[in-house]
Each structure stands twice: as C-alpha cells, then as structure tokens.
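Text of input19.txt, listed as compact mmCIF, C-alpha atoms:
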```
# COMPACT_ATOMS: atom_id res chain seq x y z
CA MET A 1 -23.03 -9.04 27.31
CA SER A 2 -21.25 -7.32 24.43
CA PHE A 3 -17.65 -8.09 23.48
CA ASP A 4 -14.97 -6.28 21.53
CA TYR A 5 -14.63 -9.36 19.32
CA ASP A 6 -16.55 -12.54 18.67
CA TYR A 7 -13.33 -14.48 18.24
CA PHE A 8 -9.81 -13.67 19.36
CA VAL A 9 -7.10 -15.96 18.02
CA ILE A 10 -3.68 -16.15 19.66
CA GLY A 11 -1.18 -17.32 17.07
CA ALA A 12 -1.13 -16.76 13.31
CA GLY A 13 0.22 -20.13 12.29
CA SER A 14 -1.56 -22.51 9.96
CA GLY A 15 -4.40 -23.40 12.33
CA GLY A 16 -4.89 -19.88 13.65
CA VAL A 17 -4.96 -18.19 10.25
CA ARG A 18 -7.35 -20.75 8.76
CA SER A 19 -9.72 -20.62 11.71
CA SER A 20 -9.77 -16.82 11.92
CA ARG A 21 -10.30 -16.40 8.16
CA ILE A 22 -13.22 -18.81 8.07
CA ALA A 23 -14.79 -17.32 11.19
CA ALA A 24 -14.60 -13.85 9.65
CA GLN A 25 -16.12 -15.11 6.40
CA LEU A 26 -18.96 -16.59 8.45
CA GLY A 27 -19.69 -13.13 9.85
CA ALA A 28 -17.75 -13.07 13.09
CA LYS A 29 -15.73 -10.08 14.23
CA VAL A 30 -12.23 -11.53 14.53
CA ALA A 31 -8.80 -10.48 15.76
CA VAL A 32 -5.48 -12.31 15.62
CA ALA A 33 -2.35 -11.67 17.66
CA GLU A 34 1.05 -12.95 16.47
CA GLU A 35 4.27 -12.14 18.31
CA SER A 36 6.67 -13.23 15.59
CA PHE A 37 6.10 -13.97 11.88
CA MET A 38 2.90 -14.65 9.98
CA GLY A 39 2.46 -18.29 9.09
CA GLY A 40 3.89 -19.79 12.26
CA THR A 41 6.47 -22.56 12.49
CA CYS A 42 5.63 -24.25 9.18
CA VAL A 43 6.15 -21.20 7.00
CA ASN A 44 9.09 -19.65 8.85
CA VAL A 45 11.18 -22.31 10.58
CA GLY A 46 9.51 -25.57 9.63
CA CYS A 47 8.21 -27.49 6.67
CA VAL A 48 8.46 -24.78 4.00
CA PRO A 49 12.09 -23.61 4.43
CA LYS A 50 13.13 -27.14 5.31
CA LYS A 51 11.71 -28.49 2.04
CA LEU A 52 13.55 -25.73 0.16
CA LEU A 53 16.79 -26.88 1.77
CA VAL A 54 15.92 -30.48 0.91
CA TYR A 55 15.58 -29.47 -2.73
CA ALA A 56 18.91 -27.63 -2.54
CA SER A 57 20.65 -30.62 -1.00
CA HIS A 58 19.66 -32.94 -3.85
CA PHE A 59 21.43 -30.99 -6.59
CA MET A 60 24.98 -32.18 -5.94
CA GLU A 61 23.84 -35.78 -6.24
CA GLU A 62 21.78 -34.90 -9.31
CA PHE A 63 24.79 -33.20 -10.94
CA HIS A 64 26.89 -36.28 -10.26
CA MET A 65 24.25 -38.63 -11.70
CA ALA A 66 23.84 -36.45 -14.78
CA SER A 67 27.12 -37.76 -16.16
CA GLY A 68 25.49 -41.14 -16.66
CA TYR A 69 23.08 -39.45 -19.02
CA GLY A 70 25.83 -37.77 -21.03
CA TRP A 71 25.93 -34.38 -19.31
CA ASN A 72 29.28 -32.79 -18.52
CA VAL A 73 28.89 -30.76 -15.35
CA ASP A 74 32.06 -29.15 -14.07
CA ASP A 75 33.04 -26.55 -11.46
CA ILE A 76 30.05 -27.14 -9.22
CA SER A 77 29.95 -25.09 -6.02
CA LEU A 78 27.39 -23.95 -3.46
CA ASP A 79 26.81 -20.31 -2.60
CA TRP A 80 25.35 -20.74 0.88
CA SER A 81 24.60 -17.05 1.41
CA LYS A 82 22.65 -16.92 -1.86
CA LEU A 83 20.65 -20.00 -0.88
CA ILE A 84 19.69 -18.49 2.48
CA LYS A 85 18.95 -15.09 0.90
CA ASN A 86 16.63 -16.62 -1.68
CA LYS A 87 14.99 -18.74 1.00
CA ASP A 88 14.39 -15.64 3.10
CA GLN A 89 12.82 -13.84 0.15
CA GLU A 90 10.39 -16.69 -0.42
CA ILE A 91 9.43 -16.80 3.26
CA ALA A 92 8.87 -13.02 3.24
CA ARG A 93 6.60 -13.46 0.23
CA LEU A 94 4.58 -16.09 2.09
CA ASN A 95 4.38 -13.86 5.18
CA LYS A 96 2.76 -11.18 3.03
CA ILE A 97 0.35 -13.71 1.57
CA TYR A 98 -0.82 -14.75 5.03
CA GLN A 99 -1.20 -11.11 6.02
CA GLY A 100 -3.21 -10.51 2.86
CA ILE A 101 -5.47 -13.46 3.57
CA LEU A 102 -6.41 -11.98 6.93
CA ASP A 103 -6.74 -8.44 5.60
CA ARG A 104 -9.11 -9.50 2.83
CA ALA A 105 -11.21 -11.44 5.32
CA GLY A 106 -11.52 -8.37 7.53
CA VAL A 107 -9.51 -9.84 10.42
CA GLU A 108 -7.76 -7.31 12.65
CA VAL A 109 -4.13 -8.27 13.23
CA PHE A 110 -2.07 -7.35 16.29
CA PRO A 111 1.64 -7.95 15.62
CA GLU A 112 2.50 -8.57 19.25
CA ARG A 113 2.26 -11.09 22.06
CA ALA A 114 -1.17 -11.75 23.53
CA VAL A 115 -1.84 -13.03 27.03
CA VAL A 116 -5.08 -14.47 28.38
CA THR A 117 -6.30 -12.45 31.35
CA GLY A 118 -9.61 -14.22 31.92
CA PRO A 119 -12.22 -16.48 30.32
CA ASN A 120 -13.21 -13.71 27.89
CA SER A 121 -10.30 -11.31 27.91
CA VAL A 122 -6.91 -10.94 26.24
CA LYS A 123 -4.18 -8.37 26.70
CA CYS A 124 -1.96 -7.18 23.83
CA GLY A 125 0.73 -4.80 24.95
CA ASP A 126 -1.00 -2.22 27.14
CA LYS A 127 -4.46 -2.85 25.66
CA GLU A 128 -7.01 -5.34 26.90
CA PHE A 129 -9.82 -6.74 24.77
CA THR A 130 -12.83 -8.90 25.42
CA ALA A 131 -13.96 -11.76 23.22
CA LYS A 132 -16.86 -14.19 23.26
CA TYR A 133 -14.48 -16.97 22.28
CA ILE A 134 -10.69 -17.27 22.41
CA LEU A 135 -8.64 -19.70 20.34
CA VAL A 136 -5.15 -20.69 21.47
CA ALA A 137 -3.10 -21.68 18.41
CA THR A 138 0.43 -20.94 19.59
CA GLY A 139 2.05 -24.15 18.31
CA GLY A 140 5.20 -25.62 19.76
CA ARG A 141 8.85 -24.81 20.34
CA PRO A 142 12.02 -26.95 20.16
CA THR A 143 13.12 -28.70 23.34
CA ILE A 144 16.82 -28.70 24.22
CA PRO A 145 17.97 -30.52 27.37
CA THR A 146 20.31 -28.80 29.80
CA PHE A 147 23.77 -30.33 30.14
CA SER A 148 27.39 -29.19 30.33
CA GLY A 149 27.93 -27.11 27.20
CA SER A 150 24.30 -27.07 26.04
CA GLU A 151 24.61 -23.30 25.51
CA HIS A 152 26.71 -24.06 22.43
CA VAL A 153 24.05 -26.02 20.54
CA ILE A 154 21.26 -24.76 18.31
CA SER A 155 17.70 -25.87 17.59
CA SER A 156 16.00 -26.34 14.24
CA ASN A 157 14.86 -22.70 14.43
CA GLU A 158 18.42 -21.42 14.08
CA MET A 159 19.33 -23.87 11.32
CA PHE A 160 17.61 -21.68 8.75
CA TYR A 161 19.73 -18.63 9.54
CA LEU A 162 23.28 -19.99 9.73
CA GLU A 163 25.77 -17.50 8.31
CA GLU A 164 27.88 -20.23 6.73
CA LEU A 165 27.67 -23.92 5.97
CA PRO A 166 29.41 -25.93 8.71
CA LYS A 167 32.08 -28.31 7.43
CA ARG A 168 31.56 -30.74 10.33
CA PHE A 169 27.99 -31.14 11.50
CA LEU A 170 26.39 -33.15 14.31
CA VAL A 171 22.68 -33.63 14.74
CA VAL A 172 21.42 -35.17 17.97
CA GLY A 173 18.02 -36.86 17.81
CA GLY A 174 16.28 -39.65 15.96
CA GLY A 175 12.96 -38.10 15.04
CA TYR A 176 12.00 -36.92 11.58
CA ILE A 177 13.54 -33.46 12.07
CA GLY A 178 16.94 -34.89 12.98
CA VAL A 179 16.90 -37.43 10.17
CA GLU A 180 15.85 -34.80 7.63
CA PHE A 181 18.56 -32.33 8.63
CA ALA A 182 21.19 -35.07 8.55
CA GLY A 183 20.28 -35.68 4.92
CA ILE A 184 20.12 -31.98 4.11
CA MET A 185 23.53 -31.11 5.51
CA ASN A 186 25.19 -34.18 4.03
CA GLY A 187 23.73 -33.34 0.63
CA LEU A 188 24.97 -29.76 0.87
CA GLY A 189 28.49 -30.93 1.57
CA SER A 190 28.91 -31.05 5.34
CA LYS A 191 30.62 -34.07 6.92
CA THR A 192 27.56 -35.21 8.85
CA THR A 193 27.05 -37.32 11.96
CA LEU A 194 23.76 -38.27 13.60
CA SER A 195 23.69 -39.37 17.24
CA TYR A 196 20.63 -41.12 18.68
CA ARG A 197 20.23 -42.65 22.12
CA ARG A 198 18.28 -45.72 20.94
CA ASP A 199 19.20 -48.55 18.58
CA LEU A 200 17.24 -47.25 15.57
CA PHE A 201 15.71 -43.89 14.64
CA LEU A 202 12.20 -42.91 13.44
CA ARG A 203 10.48 -44.72 16.29
CA GLY A 204 6.78 -45.34 15.59
CA PHE A 205 7.24 -45.91 11.86
CA ASP A 206 7.29 -49.31 10.20
CA ASP A 207 10.40 -51.24 11.26
CA SER A 208 11.23 -52.38 7.73
CA MET A 209 11.18 -48.80 6.52
CA ARG A 210 13.29 -47.59 9.44
CA THR A 211 15.92 -50.19 8.61
CA PHE A 212 15.73 -49.28 4.92
CA ILE A 213 16.32 -45.58 5.61
CA ARG A 214 19.22 -46.43 7.94
CA ASP A 215 20.90 -48.53 5.25
CA GLU A 216 20.39 -45.93 2.52
CA MET A 217 21.72 -43.10 4.70
CA THR A 218 24.78 -45.20 5.47
CA LYS A 219 25.39 -45.60 1.74
CA LYS A 220 25.48 -41.81 1.52
CA GLU A 221 28.30 -41.82 4.11
CA ILE A 222 26.31 -40.22 6.90
CA ASP A 223 27.89 -41.37 10.17
CA LEU A 224 25.06 -42.90 12.20
CA LYS A 225 25.77 -43.31 15.91
CA PHE A 226 23.06 -45.39 17.58
CA ASN A 227 22.88 -46.07 21.32
CA SER A 228 24.78 -42.82 21.57
CA ASN A 229 24.35 -39.75 23.75
CA VAL A 230 26.25 -36.51 24.27
CA SER A 231 27.67 -36.03 27.75
CA SER A 232 29.28 -32.59 27.32
CA ILE A 233 30.40 -29.98 24.81
CA VAL A 234 33.39 -27.68 25.13
CA LYS A 235 34.08 -24.76 22.78
CA THR A 236 37.69 -24.79 21.57
CA ASP A 237 39.72 -22.89 18.98
CA ASP A 238 39.08 -25.74 16.54
CA GLY A 239 35.33 -25.93 17.07
CA LEU A 240 32.92 -27.69 19.43
CA GLU A 241 34.51 -30.68 21.15
CA VAL A 242 31.75 -33.18 21.85
CA SER A 243 32.19 -35.96 24.42
CA PHE A 244 29.90 -38.98 24.13
CA GLU A 245 28.63 -41.04 27.05
CA GLU A 246 29.64 -44.26 25.31
CA GLY A 247 33.18 -42.93 25.00
CA GLY A 248 35.15 -40.89 22.53
CA LYS A 249 35.35 -37.25 21.50
CA GLU A 250 34.85 -35.50 18.17
CA VAL A 251 35.05 -31.89 17.03
CA PHE A 252 32.24 -30.27 15.04
CA ASP A 253 31.56 -26.81 13.70
CA GLN A 254 27.86 -26.94 14.53
CA VAL A 255 25.68 -29.10 16.76
CA LEU A 256 21.93 -29.30 16.21
CA TYR A 257 19.65 -30.70 18.89
CA ALA A 258 16.50 -32.15 17.35
CA THR A 259 15.25 -33.85 20.48
CA GLY A 260 11.57 -33.01 20.35
CA ARG A 261 9.21 -30.08 20.71
CA HIS A 262 6.95 -28.87 23.49
CA PRO A 263 3.63 -26.97 23.41
CA TYR A 264 4.15 -23.21 23.61
CA VAL A 265 2.05 -22.21 26.62
CA GLN A 266 4.61 -20.50 28.84
CA GLY A 267 3.47 -17.07 29.97
CA LEU A 268 0.17 -17.20 28.07
CA GLY A 269 -1.85 -16.70 31.25
CA LEU A 270 -4.02 -19.76 30.66
CA GLU A 271 -4.15 -20.43 34.38
CA THR A 272 -6.08 -17.20 34.92
CA ALA A 273 -8.98 -18.72 33.00
CA GLY A 274 -8.67 -22.18 34.53
CA VAL A 275 -7.40 -23.83 31.35
CA GLU A 276 -6.03 -27.26 32.22
CA LEU A 277 -2.83 -28.75 30.79
CA ASP A 278 -1.92 -32.42 30.56
CA GLU A 279 1.17 -34.03 32.07
CA LYS A 280 3.26 -33.02 29.04
CA GLY A 281 2.18 -29.38 29.19
CA ALA A 282 -0.24 -29.56 26.28
CA VAL A 283 -3.63 -27.86 26.44
CA LYS A 284 -6.36 -30.39 27.23
CA VAL A 285 -9.36 -30.22 24.88
CA ASP A 286 -12.48 -32.24 24.21
CA ALA A 287 -13.71 -33.64 20.89
CA LYS A 288 -14.70 -30.13 19.76
CA PHE A 289 -11.38 -28.59 20.90
CA LYS A 290 -12.96 -26.84 23.89
CA THR A 291 -10.68 -26.48 26.91
CA SER A 292 -11.72 -26.75 30.55
CA CYS A 293 -12.77 -23.09 30.19
CA PRO A 294 -15.95 -23.14 28.02
CA SER A 295 -15.08 -19.96 26.13
CA ILE A 296 -11.50 -20.95 25.25
CA TYR A 297 -10.53 -23.40 22.50
CA ALA A 298 -7.19 -24.73 21.27
CA VAL A 299 -5.89 -26.38 18.09
CA GLY A 300 -2.63 -27.46 16.49
CA ASP A 301 0.66 -28.42 18.10
CA VAL A 302 -0.30 -26.76 21.36
CA ILE A 303 -2.74 -29.64 22.02
CA ASP A 304 -0.10 -32.18 20.94
CA ARG A 305 -2.37 -34.64 19.15
CA VAL A 306 -0.85 -34.90 15.68
CA GLN A 307 1.87 -32.34 14.96
CA LEU A 308 1.22 -31.79 11.27
CA THR A 309 0.25 -28.60 9.45
CA PRO A 310 -2.71 -30.13 7.56
CA VAL A 311 -4.08 -31.45 10.85
CA ALA A 312 -3.91 -27.98 12.42
CA LEU A 313 -5.73 -26.60 9.37
CA ALA A 314 -8.49 -29.19 9.74
CA GLU A 315 -8.83 -28.51 13.47
CA GLY A 316 -8.98 -24.76 12.93
CA MET A 317 -11.65 -25.13 10.26
CA PHE A 318 -13.76 -27.31 12.51
CA VAL A 319 -13.75 -24.83 15.39
CA ALA A 320 -14.66 -21.87 13.17
CA HIS A 321 -17.56 -23.69 11.53
CA ASP A 322 -18.71 -25.17 14.83
CA LEU A 323 -18.83 -21.78 16.58
CA PHE A 324 -20.03 -19.52 13.78
CA GLY A 325 -21.42 -21.74 11.04
CA ASN A 326 -23.70 -24.73 10.73
CA GLY A 327 -21.18 -27.27 11.89
CA PHE A 328 -18.49 -29.07 9.95
CA ARG A 329 -17.18 -32.58 9.51
CA GLU A 330 -15.23 -33.75 12.53
CA VAL A 331 -11.48 -34.11 12.27
CA ASP A 332 -10.68 -37.70 11.37
CA TYR A 333 -7.34 -38.78 12.80
CA GLU A 334 -7.44 -42.18 11.11
CA LEU A 335 -5.28 -42.84 8.04
CA ILE A 336 -3.34 -39.58 8.14
CA PRO A 337 -0.57 -39.80 5.52
CA THR A 338 2.90 -38.72 6.59
CA ALA A 339 6.11 -38.03 4.71
CA ILE A 340 9.64 -37.88 6.07
CA PHE A 341 11.86 -35.86 3.74
CA SER A 342 14.89 -37.92 4.55
CA GLN A 343 17.27 -38.97 1.80
CA PRO A 344 15.78 -41.01 0.33
CA GLU A 345 12.41 -39.81 1.49
CA MET A 346 9.85 -42.04 3.14
CA ALA A 347 6.07 -41.84 3.28
CA THR A 348 3.40 -43.87 5.00
CA VAL A 349 -0.32 -44.20 5.58
CA GLY A 350 -2.16 -46.65 7.81
CA LEU A 351 -0.88 -49.32 10.18
CA THR A 352 2.69 -50.48 10.51
CA GLU A 353 3.27 -54.21 10.30
CA THR A 354 3.80 -54.36 14.07
CA LYS A 355 0.54 -52.53 14.82
CA ALA A 356 -1.36 -54.64 12.30
CA ARG A 357 -0.16 -57.88 13.89
CA GLU A 358 -0.92 -56.58 17.38
CA LYS A 359 -4.49 -55.87 16.26
CA PHE A 360 -5.21 -58.79 13.91
CA GLY A 361 -2.64 -61.44 14.80
CA ASP A 362 -2.11 -64.00 12.02
CA ASP A 363 -4.88 -62.44 9.94
CA VAL A 364 -2.26 -60.27 8.22
CA LYS A 365 -0.42 -60.67 4.93
CA VAL A 366 2.54 -58.48 3.99
CA TYR A 367 3.60 -57.65 0.44
CA ASP A 368 6.93 -55.92 0.01
CA GLY A 369 9.83 -55.50 -2.33
CA SER A 370 12.79 -53.29 -3.16
CA PHE A 371 14.28 -52.30 -6.46
CA ARG A 372 16.62 -49.86 -8.11
CA PRO A 373 14.47 -47.07 -9.58
CA MET A 374 14.74 -46.59 -13.32
CA LYS A 375 16.05 -43.04 -12.97
CA LEU A 376 19.26 -44.39 -11.46
CA VAL A 377 20.05 -47.30 -13.78
CA LEU A 378 22.43 -45.25 -15.95
CA THR A 379 24.22 -43.85 -12.92
CA ASP A 380 26.56 -45.27 -10.29
CA SER A 381 24.04 -44.54 -7.53
CA GLU A 382 23.15 -47.61 -5.48
CA GLU A 383 20.09 -46.03 -3.91
CA ARG A 384 17.06 -48.29 -3.87
CA THR A 385 13.33 -47.92 -3.41
CA MET A 386 11.24 -50.03 -1.04
CA VAL A 387 7.48 -50.56 -1.14
CA LYS A 388 5.31 -52.35 1.39
CA MET A 389 1.61 -53.13 1.67
CA ILE A 390 -0.11 -54.66 4.69
CA VAL A 391 -3.39 -56.50 4.10
CA ARG A 392 -5.94 -58.18 6.36
CA LYS A 393 -6.33 -61.66 4.89
CA SER A 394 -9.92 -62.34 5.94
CA THR A 395 -11.36 -59.14 4.47
CA ASP A 396 -8.75 -58.20 1.83
CA GLU A 397 -8.68 -54.72 3.42
CA VAL A 398 -5.48 -52.75 2.89
CA LEU A 399 -4.37 -51.73 6.38
CA GLY A 400 -1.21 -49.82 5.57
CA ILE A 401 1.07 -48.72 2.76
CA HIS A 402 4.67 -47.64 3.18
CA MET A 403 7.30 -46.46 0.74
CA GLY A 404 10.90 -45.32 0.85
CA GLY A 405 12.59 -43.83 -2.18
CA LEU A 406 12.11 -41.30 -4.96
CA TYR A 407 8.75 -39.48 -4.98
CA SER A 408 7.41 -41.37 -1.95
CA GLY A 409 5.51 -38.39 -0.57
CA GLU A 410 3.77 -37.64 -3.86
CA ILE A 411 2.82 -41.30 -4.39
CA ILE A 412 1.55 -42.02 -0.88
CA GLN A 413 -0.78 -39.00 -1.00
CA GLY A 414 -2.76 -40.81 -3.71
CA MET A 415 -2.56 -44.09 -1.80
CA ALA A 416 -4.09 -42.34 1.22
CA VAL A 417 -7.20 -41.46 -0.79
CA ALA A 418 -7.55 -45.12 -1.79
CA LEU A 419 -7.27 -46.32 1.80
CA LYS A 420 -9.69 -43.66 3.00
CA ALA A 421 -12.17 -44.94 0.43
CA GLY A 422 -11.81 -48.46 1.82
CA ALA A 423 -9.74 -49.97 -1.00
CA LYS A 424 -9.07 -53.69 -0.89
CA LYS A 425 -6.07 -55.53 -2.24
CA GLU A 426 -8.24 -56.74 -5.12
CA ASP A 427 -8.86 -53.11 -6.14
CA PHE A 428 -5.13 -52.58 -6.45
CA ASP A 429 -4.76 -55.84 -8.40
CA ARG A 430 -7.49 -54.81 -10.86
CA THR A 431 -5.93 -51.40 -11.47
CA ILE A 432 -3.67 -51.06 -14.49
CA GLY A 433 -0.34 -49.46 -13.69
CA ILE A 434 1.43 -46.55 -15.32
CA HIS A 435 4.62 -47.90 -16.86
CA PRO A 436 7.46 -47.30 -16.26
CA THR A 437 6.99 -45.75 -12.81
CA SER A 438 7.76 -46.66 -9.24
CA ALA A 439 4.10 -46.14 -8.33
CA GLU A 440 3.02 -49.08 -10.50
CA GLU A 441 4.68 -51.42 -8.00
CA PHE A 442 1.64 -50.99 -5.76
CA VAL A 443 -0.69 -52.50 -8.36
CA THR A 444 1.63 -55.36 -9.36
CA MET A 445 2.39 -56.82 -5.91
CA ARG A 446 1.45 -60.49 -5.86
CA ASP A 447 3.80 -62.06 -3.30
```

Take the structure in the file and write it out as structure tokens.
Amino acid sequence: MSFDYDYFVIGAGSGGVRSSRIAAQLGAKVAVAEESFMGGTCVNVGCVPKKLLVYASHFMEEFHMASGYGWNVDDISLDWSKLIKNKDQEIARLNKIYQGILDRAGVEVFPERAVVTGPNSVKCGDKEFTAKYILVATGGRPTIPTFSGSEHVISSNEMFYLEELPKRFLVVGGGYIGVEFAGIMNGLGSKTTLSYRRDLFLRGFDDSMRTFIRDEMTKKEIDLKFNSNVSSIVKTDDGLEVSFEEGGKEVFDQVLYATGRHPYVQGLGLETAGVELDEKGAVKVDAKFKTSCPSIYAVGDVIDRVQLTPVALAEGMFVAHDLFGNGFREVDYELIPTAIFSQPEMATVGLTETKAREKFGDDVKVYDGSFRPMKLVLTDSEERTMVKMIVRKSTDEVLGIHMGGLYSGEIIQGMAVALKAGAKKEDFDRTIGIHPTSAEEFVTMRD
C-alpha cells in the first residue's frame, strides 16, 4: 500500500520538530501540522519566555546590590511594554528558526490543526492525507478548575502577554510554574502572594530544599499562604476580590492559576484509530512509544511521563531512528536533572533523601550545608545557598545531589554527568575544587 507520507507528525513542539527533522534526514517523506506557533509550549509560552522574564526580574535586586560594590544606580524603572515587545521579537526569531529547520530538512509544514481520521489517515482543514506512521506530539495545556469567578483568572499562557504589570498579584498553585512566577512578579515589582492548598510547595522535591526555598522566598517578602485555597472571585471596581476557604478576602489586579497541566488530546480524533488513553487522559504508549494502534506513536507531554523539553527531544529522536534508521539508544529516565527557576533557583538530580531512605534504609549518609555566597558578602542581601549530597554508605555511590542558590541549574548539569557515570563520594573528595566558587562545595563536603 502506498501512502502520501511515511511519517505525519501532529504538533511542532520540541519533540515533534526533532522527530520529523531526523526522520526526513533518514530518508522518510515527512509532514508536520501545527495549529498555533512553531516550537510549541517551550518556545512560545513556556521555558524560553519564562526564563527571559526570570532574567528581567533579577535586575532590580542586582541594581540594589551594586551599591555594595561602589556603583551609584539611580532612577531605576521598568518599561513593561518594552520588555514584552523584546520578548515577542525573540520568540518570533525562534519561530522562524524552527520553520527553517523543517524547511531545510524537506519537511512539509501545514500551519493548521490536524485530526486523526484512522490508523493511517489525518485530516488538515478540508484535505485528508495518508501516512504509514503518525506521531502525536501535541503536548499539554494548563488546567484551571471551575469555581465561582474562575472566568476572571488566567493561566501561564496569558502571563506572557499582559498589557501592563499588575501591582497586586496572586498565583494559585505550588508546582514549579507557580513558584517561578511568584519570584518573577515579585522581582519585577508586583506585591506578590502565593496560595497553595498543602502545607509546603514543590511536592516531590527534596524536603530540605523545599523548606530552604520557602524561607528564602519569605525573605524576599513574597506572601506565602499554605493550607490555603480560593473559594470565589468577584470582579469589583478596585480589582479582583478573592475569598479564601480558610477565611479572609484580598483584592488583586491579576490572578494566575498554576494548578497543573493536562495532555492535549481533545478533538484529535484518536478514538477513531483505537488509541487508548490512561485514567488521566494521557496517551498510553509502550517502551518504544507505540500506542494501542500499531501505526500511531506519541511522545512528549501528551504521554505525561516526564514533562521536560529535553525528554521530549530524546523521545522524538528515538522514534525517528527506530522507525526509519538503524535504531537508537533507549530513553533513560533515570537521573534526569531538573532546575526550578525560583528565586533563588533550585536544581536537583537523583534521589531525594526521603526516597533514598525508603530504598536503602539506614544505608544512607547525608552531607549538607548552607552558606552566604561570595557575590553577596559586600551587599545587604541575606540570601543563602544550600547544597546537599546523598550517599549510600555501603557502596559510596552518590544517590542524589541538590542545590538551592545562585547558578544551581548550571552547576547541577555537570553534577548529572558525574552521577550518570557512576561517581562515588570518593571521586568528589579526590577532585580539586575551583576556588572561590559555590560549586567547589560539592568536592569539599566531609560531614
């Protein structure tokens, strides 16, 4: 049987673009359909613009600290519209780069929504195409619960297009997106509150680091409301009046709900091909990312394994090589490093202390410490850095490394390579540090 395409990819996010490009380079005839912007969530309303806003939010604190180093910085102000305009220009540049990547690879791009109409067929607009294989790489979308006044809140998608900086800002949610935006808006000058329904945010991360980030955010005068939940929101002349279940009301100019994301499968027609979903609505796949329909595959956030851009890239590469090449290394979900661009930022790789003790009991030794980073010693900033290493005593194997503070993400990336290579505590002890740096703390830990 002949097909219009060897490979039809639905979604031009990180995983979809990488998979389609590699498949085309391996000789397949490939098409991609994307209903919104090239690059998906990460490039347009995720990690890239968010990191740009993180950078922007640090400057006020940097200007303030500069006085300790002899700089006189006066008349500081933020031009919000200029920040958003420049951000938009950078995203547009990246959109063109992604388009160029596909064009140079010979991938045909359909800038519209695609719907699966069968095991080997896809419809774009009023045209239907056949394909030997179909890849679903549609990612995820923010989840906002329905409650009285929920129509007045926004998701993280809209955060990047606000016309003005809100003076009073509430973020609801205790995941990394909520924590990051709380730091961003506080740094940019908004009076910021974070509301979370449990007793401590960043669930799933190391408890010591969660407590550390909580304490540091409190120092920055972010109002943290734990065991808190919104009951209703009413729009008034003064703003959005928010009532909390635990009691009390406050007025905000903007309310962000960062309460999770769900796989984007609505209206994709997957049921017509017998593609099964799990209880959370994610596409079910096997070890090679094949769905219950043998000709349809899925990668990235839509399968809800690990919602990280580099993971989607690795999954997309695997599928392309597996279908059209000579195979490729399997995606290894162990020891995936993660960074939270909170303020201060936090990064981690490996087991938390709780998980390590659950697995190895008393055969665990923990090294940790906190200190004031050298960059801040001439300033009045009280921000600290925390480092933590978890070791299995009987084998000297390093099970996990965690860090909160300046440059954590950059430092933990290197630590992840060491752990992936099987580094032991002795290897760290034998390594000479770079002085004076925060990173050297990992090779000087003795207690």

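Considering the residues A:Arg384, A:Glu410, A:Thr138, A:Leu378 and counting all atoms listed in the file, Met65 in chain A has its shortest atom-to-atom contact with A:Leu378.
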
Counting all atoms listed in the file, which residues have an atom no more than 12 Å from (12.0, -32.0, -0.7) in the file's coordinates? Please list them as a ChimeraX atom specification. /A:47-59,180-181,183-184,187,339-346,405-410

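With all atoms listed in the file as the atoms that count, the residue of A:Thr354, A:Lys420, A:Lys123, A:Leu270 with the shortest distance to Asp332 in chain A is A:Lys420.
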
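When all atoms listed in the file are used to compute distances to Ala320 in chain A, the closest of the residues A:Val230, A:Val107, A:Ala28, A:Ala258 turns out to be A:Ala28.
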
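With CA of Gly189 in chain A on one side and CA of Val234 in chain A on the other, the separation reads 24.3 Å.
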
Write out as number ranges by chain which residues come within 8 Å of range 272-286 of chain A when counting all atoms listed in the file, dropping same-chain ones fewer than 2 positions away. A: 116-119, 262-263, 265, 269-270, 288-293, 296-298, 302-304
